[in-house]
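A quick write-up on the structure given underneath.
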Amino acid sequence: MDKLLLDGPSTLHGTVEVSSAKNATLPILVATLLCPYPVKFKDIPNLMDVSTMLKILQSMGVKITAVGGEICIDAGKLENQHADYSLVKTMRASVLVLGPLLARYGVASVSLPGGCAIGARPVDIHLSGMEKLGAEIQIENGYIKAKCKKLIGATITLPFPSVGATENLMMAAVLAEGETIIENAAMEPEIDDLANFLISQGVSVEGAGTSRISVKGVDINDLKPSSSESYKIMGDRIEAATFIIAAIMTRGDVVVKGFNPKHLTFVLDTLVKMGANMSVGVDYVHVKKSTRLKGTTIETAPYPGFPTDIQAQMMALMSVVDGHSIVTETIFENRFMHVPEMGRMGTKVTLKGHSALVEGVEFLSGAPVMCTDLRASAALVLCALVAQGQSEIQRVYHLDRGYERIDEKLTALGAKIKRIKG
Ligand code: UD1
């Protein structure tokens, strides 16, 4: 298992370009299961979760070739419609294959993803939505066994705006008969990108980015790409926020580019309220040196609220500002695992149910710490950047699931960070 050695404190300077968004890449790769022809992509991020998704597609017979910086995915012919436990258990987003497989083949067998570090994360909303479209679903031996003659478009009102369920149902609706309307849909920008990809293949999708999405079903033979250009996936807003927070915490001067700052409106407004000094362009944020920030209160919520995926990084920042802050996590029930690890570096956080009281401290000190999940790992890296002395960050594979070459990108900004292969 690789680990990172990070010598702090650092002040970051320079420009960093974020990679394509992991959370947009995963559903869009899955959406190629709907296409009976090869689809090309550029700048697919080299991340563990992305390679897991590509393995799942390959295990069904999808052909994947890499040419220059592009990859070509050909789901023209599948050998099976089975997503095995051995792969699904490592990544919950694997369950997204259910919708397109059912829509195209009328059958799918997909392992239940099971729990994960940050919470139970059931898939009931995905399954009841598929049933609304006419699928018969049974759970057998740990697998979702789904079948249908043909999916039929319907109006589905989600009990909660689940990102994954919205994506799964959008993809299922593409080859269903008639129109599907998803009410109380998730509004995350990654859903918009999935809609853009589907539209680029000739599907009529309206309302993505709002709470009511309509997809008009098409015959598979009517799908065709609207251009010969490779599809380019949106920049990663979560990675961008992580670098923005790193720049603020280290009192650096950093341009973070390659994403749409409008996707981070809530986060940027919060940072400015805390005293951050930055200018915002069309596709970049320039963080300038500021005086010490002050504490604030945040509560995670579905988009456009404060993203749960930036909660841990925000808590790292709150740990080194003036005064107290309060963080309330409403999306996942177990997403404070970074708290005891950050505490090893000197942060002062008191947990009470779904809330955390964060007391800003003057100094952090380097320590051996262990990553527990993806965004918790990012929070540890942020603390280590400002801590006095060396931190040894173990179980970096969690970080590698969602941050492409983070050690190289931080080194280029002036951090003293070394990966020890293990
Ligand atoms: C996606 C993101 C993840 C992000 C999350 C919330 C990807 C690959 N992952 O995850 O990074 O943290 O959105 O913004 O895009 N739930 C149910 N039943 C369901 C589905 C969800 O109870 O059928 C619950 C979950 O347990 C969780 C909450 O709803 O507590 C949010 O889940 P959801 O929006 O579905 O997140 P994901 O799509 O898994």
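Following the order of the structure tokens, chains are lettered A, B, ..., residues in each are numbered from 1, and ligands are numbered from 1.
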List all protein, DNA and RNA residues that have an atom no more than 6 Å from any atom of ligand 1, counting only C-alpha atoms and all ligand atoms, and report them as an mmCIF file with C-alpha atoms, in the first residue's frame.
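Okay, this is what ended up in out.cif:
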data_model
loop_
_atom_site.group_PDB
_atom_site.id
_atom_site.type_symbol
_atom_site.label_atom_id
_atom_site.label_comp_id
_atom_site.auth_asym_id
_atom_site.auth_seq_id
_atom_site.Cartn_x
_atom_site.Cartn_y
_atom_site.Cartn_z
ATOM 1 C CA ASN A 23 -18.450 11.765 -10.599
ATOM 2 C CA ALA A 93 -21.348 3.634 -8.515
ATOM 3 C CA ALA A 120 -25.243 2.233 4.713
ATOM 4 C CA ARG A 121 -26.084 3.736 1.305
ATOM 5 C CA PRO A 122 -29.004 1.558 0.153
ATOM 6 C CA VAL A 123 -30.175 1.440 -3.486
ATOM 7 C CA ASP A 124 -33.921 1.299 -2.796
ATOM 8 C CA ILE A 125 -34.607 4.519 -4.746
ATOM 9 C CA HIS A 126 -32.862 3.097 -7.838
ATOM 10 C CA SER A 162 -30.386 10.775 -5.035
ATOM 11 C CA VAL A 163 -27.620 11.510 -7.531
ATOM 12 C CA GLY A 164 -27.081 7.875 -8.489
ATOM 13 C CA ALA A 165 -30.790 7.037 -8.755
ATOM 14 C CA THR A 308 -20.981 16.611 1.374
ATOM 15 C CA ASP A 309 -17.911 15.813 -0.760
ATOM 16 C CA ILE A 331 -26.332 13.379 3.545
ATOM 17 C CA PHE A 332 -24.313 10.499 5.008
#
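Proximity to A:Ala103 was assessed for A:Asp193, A:Glu177, A:Glu206, A:Glu392 counting only C-alpha atoms; the smallest distance is recorded for A:Glu177.
Those residues that approach A:Met1 to within 9 Å, counting only C-alpha atoms, are Gln394, Arg395, Val396, Tyr397, Ile420, Lys421 and Gly422 of chain A; same-chain residues fewer than 3 positions away are not listed.
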Residues as selected, N, CA and C atoms, written as a CSV table (one decimal), in the first residue's frame, can you do that?
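The resulting file, again.csv, is shown below:
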chain,number,residue,atom,x,y,z
A,394,GLN,N,-1.1,7.2,5.5
A,394,GLN,CA,-1.1,5.8,5.1
A,394,GLN,C,-2.5,5.5,4.4
A,395,ARG,N,-2.5,4.4,3.6
A,395,ARG,CA,-3.7,4.0,2.9
A,395,ARG,C,-4.1,5.0,1.8
A,396,VAL,N,-3.1,5.4,1.1
A,396,VAL,CA,-3.4,6.5,0.1
A,396,VAL,C,-4.3,6.0,-1.1
A,397,TYR,N,-4.5,4.7,-1.1
A,397,TYR,CA,-5.4,4.2,-2.2
A,397,TYR,C,-6.8,4.9,-2.1
A,420,ILE,N,5.7,7.0,-1.2
A,420,ILE,CA,6.5,5.8,-1.0
A,420,ILE,C,5.6,4.6,-1.4
A,421,LYS,N,6.1,3.9,-2.5
A,421,LYS,CA,5.4,2.8,-3.1
A,421,LYS,C,5.4,1.6,-2.1
A,422,GLY,N,4.3,0.9,-1.9
A,422,GLY,CA,4.4,-0.2,-1.0
A,422,GLY,C,3.4,-1.3,-1.4
**OP:** Tell me which protein, DNA and RNA residues are within 12 Å of stretch 407-418 of chain A, counting only C-alpha atoms, leaving out same-chain ones fewer than 6 positions away, and put them as a count of residues only.
**Re:** 46
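Across A:Glu362, A:Met342, A:Leu57, A:Leu357, the tightest approach to A:Val320 is made by A:Glu362 when counting only C-alpha atoms.
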Original post:
Leaving out stretch 145-155 of chain A and any residue of its chain fewer than 4 positions from it, which residues lie within 9 Å of it when counting only C-alpha atoms, given as a ChimeraX atom specification?
Top reply: /A:98,102-111,130,132-140,172-173,175-183,214-217
Can you list, as a compact mmCIF listing (two decimals) with all heavy atoms, in the first residue's frame, every protein, DNA or RNA residue that comes within 12 Å of A:Val361 when you count only C-alpha atoms, leaving out same-chain residues fewer than 5 positions away?
# COMPACT_ATOMS: atom_id res chain seq x y z
N ARG A 292 -5.74 35.78 8.41
CA ARG A 292 -6.37 34.59 8.98
C ARG A 292 -7.89 34.67 8.89
O ARG A 292 -8.49 35.72 9.19
CB ARG A 292 -5.92 34.45 10.43
CG ARG A 292 -6.06 33.05 10.99
CD ARG A 292 -5.32 32.98 12.33
NE ARG A 292 -5.98 32.10 13.27
CZ ARG A 292 -5.65 30.84 13.44
NH1 ARG A 292 -4.67 30.30 12.74
NH2 ARG A 292 -6.29 30.11 14.33
N LEU A 293 -8.51 33.58 8.42
CA LEU A 293 -9.97 33.57 8.22
C LEU A 293 -10.68 33.41 9.56
O LEU A 293 -10.07 33.11 10.57
CB LEU A 293 -10.34 32.41 7.29
CG LEU A 293 -10.31 32.69 5.78
CD1 LEU A 293 -8.99 33.21 5.31
CD2 LEU A 293 -10.70 31.45 5.00
N LYS A 294 -12.02 33.60 9.52
CA LYS A 294 -12.79 33.37 10.75
C LYS A 294 -13.80 32.23 10.54
O LYS A 294 -14.16 31.90 9.40
CB LYS A 294 -13.49 34.66 11.20
CG LYS A 294 -14.38 35.31 10.18
CD LYS A 294 -14.95 36.59 10.77
CE LYS A 294 -16.06 37.19 9.93
NZ LYS A 294 -15.70 37.58 8.57
N GLY A 295 -14.23 31.66 11.66
CA GLY A 295 -15.09 30.48 11.63
C GLY A 295 -16.47 30.76 11.04
O GLY A 295 -16.89 31.90 10.91
N ALA A 316 -11.05 20.79 7.65
CA ALA A 316 -9.60 20.99 7.79
C ALA A 316 -9.30 22.48 7.85
O ALA A 316 -8.55 22.96 8.70
CB ALA A 316 -8.86 20.34 6.62
N LEU A 317 -9.94 23.25 6.95
CA LEU A 317 -9.74 24.70 6.94
C LEU A 317 -10.22 25.32 8.26
O LEU A 317 -9.54 26.14 8.88
CB LEU A 317 -10.48 25.33 5.75
CG LEU A 317 -10.58 26.85 5.73
CD1 LEU A 317 -9.20 27.49 5.64
CD2 LEU A 317 -11.44 27.34 4.57
N MET A 318 -11.42 24.92 8.68
CA MET A 318 -12.01 25.50 9.91
C MET A 318 -11.11 25.26 11.12
O MET A 318 -11.17 26.01 12.10
CB MET A 318 -13.38 24.87 10.16
CG MET A 318 -14.43 25.33 9.20
SD MET A 318 -15.85 24.22 9.34
CE MET A 318 -17.11 25.23 8.57
N SER A 319 -10.30 24.21 11.04
CA SER A 319 -9.43 23.87 12.17
C SER A 319 -8.31 24.88 12.37
O SER A 319 -7.69 24.90 13.43
CB SER A 319 -8.80 22.49 11.95
OG SER A 319 -9.81 21.53 11.98
N VAL A 320 -8.04 25.69 11.35
CA VAL A 320 -6.92 26.64 11.49
C VAL A 320 -7.36 28.08 11.25
O VAL A 320 -6.60 28.90 10.73
CB VAL A 320 -5.74 26.25 10.55
CG1 VAL A 320 -5.08 24.97 11.02
CG2 VAL A 320 -6.19 26.12 9.10
N VAL A 321 -8.64 28.39 11.56
CA VAL A 321 -9.11 29.78 11.43
C VAL A 321 -9.38 30.32 12.84
O VAL A 321 -9.34 29.58 13.82
CB VAL A 321 -10.38 29.89 10.55
CG1 VAL A 321 -10.12 29.35 9.17
CG2 VAL A 321 -11.57 29.20 11.21
N ASP A 322 -9.71 31.60 12.92
CA ASP A 322 -10.04 32.20 14.22
C ASP A 322 -11.45 31.79 14.65
O ASP A 322 -12.38 31.86 13.83
CB ASP A 322 -10.00 33.74 14.12
CG ASP A 322 -8.58 34.26 14.25
OD1 ASP A 322 -7.73 33.53 14.82
OD2 ASP A 322 -8.32 35.38 13.77
N GLY A 323 -11.59 31.39 15.88
CA GLY A 323 -12.93 31.14 16.43
C GLY A 323 -13.47 29.75 16.14
O GLY A 323 -12.76 28.86 15.67
N HIS A 324 -14.78 29.61 16.41
CA HIS A 324 -15.44 28.31 16.29
C HIS A 324 -16.19 28.19 14.98
O HIS A 324 -16.62 29.19 14.42
CB HIS A 324 -16.46 28.14 17.42
CG HIS A 324 -15.83 27.97 18.76
ND1 HIS A 324 -15.40 29.04 19.52
CD2 HIS A 324 -15.51 26.86 19.45
CE1 HIS A 324 -14.87 28.59 20.63
NE2 HIS A 324 -14.92 27.27 20.61
N SER A 325 -16.37 26.96 14.55
CA SER A 325 -17.22 26.68 13.38
C SER A 325 -18.11 25.50 13.73
O SER A 325 -17.78 24.69 14.59
CB SER A 325 -16.38 26.29 12.16
OG SER A 325 -15.49 27.32 11.80
N GLY A 343 -7.35 14.83 14.42
CA GLY A 343 -7.03 15.13 15.82
C GLY A 343 -5.59 14.75 16.17
O GLY A 343 -4.97 15.37 17.03
N MET A 345 -3.17 15.38 14.48
CA MET A 345 -2.29 16.50 14.08
C MET A 345 -2.58 17.74 14.92
O MET A 345 -2.01 18.80 14.69
CB MET A 345 -2.50 16.82 12.61
CG MET A 345 -2.13 15.69 11.69
SD MET A 345 -2.09 16.28 9.99
CE MET A 345 -2.80 14.94 9.14
N GLY A 346 -3.54 17.64 15.84
CA GLY A 346 -3.78 18.76 16.76
C GLY A 346 -5.06 19.53 16.52
O GLY A 346 -5.28 20.56 17.18
N THR A 347 -5.94 19.05 15.64
CA THR A 347 -7.22 19.76 15.46
C THR A 347 -8.10 19.52 16.69
O THR A 347 -7.93 18.52 17.40
CB THR A 347 -7.98 19.27 14.21
OG1 THR A 347 -8.22 17.87 14.36
CG2 THR A 347 -7.16 19.51 12.96
N LYS A 348 -9.02 20.45 16.93
CA LYS A 348 -9.92 20.30 18.09
C LYS A 348 -11.36 20.27 17.59
O LYS A 348 -11.94 21.32 17.28
CB LYS A 348 -9.73 21.49 19.04
CG LYS A 348 -8.46 21.38 19.83
CD LYS A 348 -8.52 22.30 21.03
CE LYS A 348 -7.21 22.20 21.79
NZ LYS A 348 -6.96 23.36 22.61
N VAL A 349 -11.90 19.07 17.49
CA VAL A 349 -13.27 18.92 16.97
C VAL A 349 -14.06 18.06 17.95
O VAL A 349 -13.60 17.00 18.37
CB VAL A 349 -13.26 18.24 15.58
CG1 VAL A 349 -14.68 18.13 15.03
CG2 VAL A 349 -12.37 19.01 14.60
N CYS A 383 -4.44 19.19 6.14
CA CYS A 383 -3.88 19.47 7.46
C CYS A 383 -2.36 19.30 7.44
O CYS A 383 -1.62 20.12 8.01
CB CYS A 383 -4.49 18.54 8.51
SG CYS A 383 -6.20 18.92 8.88
N VAL A 386 -0.17 22.25 6.30
CA VAL A 386 0.10 23.39 7.18
C VAL A 386 0.71 22.98 8.51
O VAL A 386 1.05 23.83 9.33
CB VAL A 386 -1.19 24.23 7.44
CG1 VAL A 386 -1.65 24.89 6.16
CG2 VAL A 386 -2.30 23.39 8.04
N ALA A 387 0.81 21.65 8.74
CA ALA A 387 1.35 21.18 10.03
C ALA A 387 2.86 21.38 10.06
O ALA A 387 3.54 21.31 9.04
CB ALA A 387 0.99 19.70 10.21
